[in-house]
Structure formats: C-alpha cells, structure tokens
Amino acid sequence: EDGTGKDAKPQLCSAAGKTGTAQTGVIKNGKKVTNSWFCGFFPKENPKYVVTVLSVNASGGCGKIFSSVADSITEYERLYSGN
C-alpha cells in the first residue's frame, strides 16, 4: 500500500499485484527507454480476475489503469449480478 504500486489500489474491492519495469536496450535522446507494467488480481480474498497493464516506452501509470479496471468490473458486477 505504500510502495510503487499504491496507485493500483481500487476503491471498491481488495486487490494484490506487482509493478515492474523492463529495460528495452534502446536509448533515445540519451535516455534509456523502458516499459512499465502492473499485474494484479482481485478480489484479494477470493480472486476472480487477473489484469495486466503494459505501458510501452513509459515510466509508470499502469497502477491507475489497473485500479480503474478493477473498480469498473466490481461496479458492473454489483449492478448486474442480481444480488
């Protein structure tokens, strides 16, 4: 909750996951080009979904996309599950 994946925390469910950065071996304008990713699952206690977000030639932001997807799916289930 306090590390590099803190932006991946959904508001509507629990989740767990891992951030990562992969070097591409490419240098552009004197700077190393990297790919960022976040892979997580939810709900944490009884996983139903796995989501992996890959951002090519970027340095982050994947956690926010993960949390948005997790919250959207959780809200959809609440609205349409009949419970």
# chains A, B, ... in the order shown; residues from 1 in each chain; ligands from 1

$ select_by_dssp --residues "chain A" --states "helix (DSSP H, G or I)" --output "compact mmCIF listing (two decimals) with N, CA and C atoms, in the first residue's frame"
# COMPACT_ATOMS: atom_id res chain seq x y z
N LYS A 6 1.09 1.72 -5.15
CA LYS A 6 0.00 2.29 -4.35
C LYS A 6 -1.13 2.86 -5.19
N ASP A 7 -0.84 3.33 -6.38
CA ASP A 7 -1.89 3.85 -7.26
C ASP A 7 -2.80 2.75 -7.80
N ALA A 8 -2.40 1.51 -7.63
CA ALA A 8 -3.19 0.39 -8.15
C ALA A 8 -4.31 -0.04 -7.19
N CYS A 62 0.60 2.55 -14.88
CA CYS A 62 -0.14 1.29 -15.04
C CYS A 62 -1.04 0.98 -13.86
N GLY A 63 -0.61 1.34 -12.66
CA GLY A 63 -1.41 1.09 -11.47
C GLY A 63 -2.75 1.79 -11.50
N LYS A 64 -2.77 3.02 -11.97
CA LYS A 64 -4.03 3.77 -12.06
C LYS A 64 -4.99 3.11 -13.04
N ILE A 65 -4.46 2.60 -14.12
CA ILE A 65 -5.31 1.91 -15.10
C ILE A 65 -5.86 0.63 -14.48
N PHE A 66 -5.01 -0.14 -13.78
CA PHE A 66 -5.46 -1.35 -13.11
C PHE A 66 -6.60 -1.05 -12.14
N SER A 67 -6.43 -0.03 -11.28
CA SER A 67 -7.46 0.27 -10.28
C SER A 67 -8.76 0.68 -10.95
N SER A 68 -8.67 1.40 -12.04
CA SER A 68 -9.87 1.80 -12.78
C SER A 68 -10.60 0.59 -13.36
N VAL A 69 -9.85 -0.34 -13.93
CA VAL A 69 -10.45 -1.56 -14.49
C VAL A 69 -11.09 -2.39 -13.37
N ALA A 70 -10.38 -2.57 -12.27
CA ALA A 70 -10.90 -3.36 -11.15
C ALA A 70 -12.18 -2.73 -10.59
N ASP A 71 -12.19 -1.42 -10.41
CA ASP A 71 -13.38 -0.74 -9.91
C ASP A 71 -14.54 -0.83 -10.90
N SER A 72 -14.25 -0.71 -12.19
CA SER A 72 -15.31 -0.80 -13.20
C SER A 72 -15.94 -2.19 -13.22
N ILE A 73 -15.13 -3.22 -13.16
CA ILE A 73 -15.66 -4.59 -13.16
C ILE A 73 -16.45 -4.84 -11.88
N THR A 74 -15.94 -4.39 -10.75
CA THR A 74 -16.63 -4.57 -9.47
C THR A 74 -17.98 -3.86 -9.48
N GLU A 75 -18.03 -2.65 -9.99
CA GLU A 75 -19.28 -1.90 -10.07
C GLU A 75 -20.26 -2.59 -11.02
N TYR A 76 -19.77 -3.06 -12.14
CA TYR A 76 -20.62 -3.78 -13.10
C TYR A 76 -21.24 -5.01 -12.44
N GLU A 77 -20.43 -5.77 -11.71
CA GLU A 77 -20.95 -6.96 -11.01
C GLU A 77 -22.03 -6.58 -10.01
N ARG A 78 -21.81 -5.51 -9.28
CA ARG A 78 -22.81 -5.06 -8.29
C ARG A 78 -24.13 -4.68 -8.96
N LEU A 79 -24.04 -4.04 -10.09
CA LEU A 79 -25.24 -3.57 -10.77
C LEU A 79 -25.99 -4.69 -11.48
N TYR A 80 -25.27 -5.66 -12.02
CA TYR A 80 -25.89 -6.65 -12.89
C TYR A 80 -25.86 -8.09 -12.39

$ select_by_dssp --residues "chain A" --states "strand (DSSP E)" --output "PyMOL selection string"
chain A and resi 16-28+31-42+49-55

$ closest_residue --among "A:Pro47, A:Gly40, A:Gly5, A:Gly25" --to "A:Gly60" --atoms "only C-alpha atoms"
A:Gly5

$ residues_around --residues "A:Val53" --least-positions-apart "2" --cutoff "7 Å" --atoms "only C-alpha atoms" --output "VMD selection string"
chain A and resid 37 to 39 51 55 62 66

$ write_last_selection --atoms "C-alpha atoms" --output "JSON list (two decimals), in the first residue's frame"
[["chain", "number", "residue", "atom", "x", "y", "z"],
["A", 37, "TRP", "CA", 3.75, -2.91, -16.21],
["A", 38, "PHE", "CA", 1.42, -3.83, -13.38],
["A", 39, "CYS", "CA", -0.09, -7.27, -12.94],
["A", 51, "VAL", "CA", -5.42, -7.88, -15.15],
["A", 55, "SER", "CA", 2.82, 0.70, -20.93],
["A", 62, "CYS", "CA", -0.14, 1.29, -15.04],
["A", 66, "PHE", "CA", -5.46, -1.35, -13.11]]

$ closest_residue --among "A:Pro10, A:Ser36, A:Thr21, A:Ala15" --to "A:Lys48" --atoms "only C-alpha atoms"
A:Ala15

$ residues_around --residues "A:Asn35" --least-positions-apart "4" --cutoff "8 Å" --atoms "only C-alpha atoms" --output "ChimeraX atom specification"
/A:21-24,54-59

$ closest_residue --among "A:Thr4, A:Phe41, A:Val33, A:Lys28" --to "A:Ala16" --atoms "only C-alpha atoms"
A:Phe41

$ atom_distance --atom1 "atom CA of A:Cys13" --atom2 "atom CA of A:Val50"
13.3 Å

$ closest_residue --among "A:Lys32, A:Lys9, A:Val26, A:Gly61" --to "A:Lys44" --atoms "only C-alpha atoms"
A:Lys9

$ closest_residue --among "A:Gly20, A:Lys31, A:Ser81, A:Asp2" --to "A:Thr52" --atoms "only C-alpha atoms"
A:Gly20

$ decode --residues "stretch 41-75 of chain A" --atoms "C-alpha atoms" --output "short mmCIF file (atom, residue, chain, number, x, y, z; two decimals), in the first residue's frame"
data_model
loop_
_atom_site.label_atom_id
_atom_site.label_comp_id
_atom_site.auth_asym_id
_atom_site.auth_seq_id
_atom_site.Cartn_x
_atom_site.Cartn_y
_atom_site.Cartn_z
CA PHE A 41 -5.70 -9.85 -9.21
CA PHE A 42 -8.95 -9.13 -7.37
CA PRO A 43 -10.72 -9.55 -5.09
CA LYS A 44 -7.72 -10.44 -2.97
CA GLU A 45 -9.54 -12.85 -0.65
CA ASN A 46 -11.17 -14.91 -3.42
CA PRO A 47 -9.60 -13.97 -6.78
CA LYS A 48 -11.83 -13.96 -9.85
CA TYR A 49 -9.91 -11.68 -12.19
CA VAL A 50 -6.34 -11.07 -13.31
CA VAL A 51 -5.42 -7.88 -15.15
CA THR A 52 -2.05 -6.99 -16.66
CA VAL A 53 -1.36 -3.47 -17.89
CA LEU A 54 1.69 -2.79 -20.05
CA SER A 55 2.82 0.70 -20.93
CA VAL A 56 5.35 0.70 -23.75
CA ASN A 57 8.03 3.40 -23.70
CA ALA A 58 6.66 4.88 -20.48
CA SER A 59 7.64 5.16 -16.85
CA GLY A 60 4.52 4.33 -14.90
CA GLY A 61 0.80 4.95 -14.77
CA CYS A 62 -0.14 1.29 -15.04
CA GLY A 63 -1.41 1.09 -11.47
CA LYS A 64 -4.03 3.77 -12.06
CA ILE A 65 -5.31 1.91 -15.10
CA PHE A 66 -5.46 -1.35 -13.11
CA SER A 67 -7.46 0.27 -10.28
CA SER A 68 -9.87 1.80 -12.78
CA VAL A 69 -10.45 -1.56 -14.49
CA ALA A 70 -10.90 -3.36 -11.15
CA ASP A 71 -13.38 -0.74 -9.91
CA SER A 72 -15.31 -0.80 -13.20
CA ILE A 73 -15.66 -4.59 -13.16
CA THR A 74 -16.63 -4.57 -9.47
CA GLU A 75 -19.28 -1.90 -10.07
#
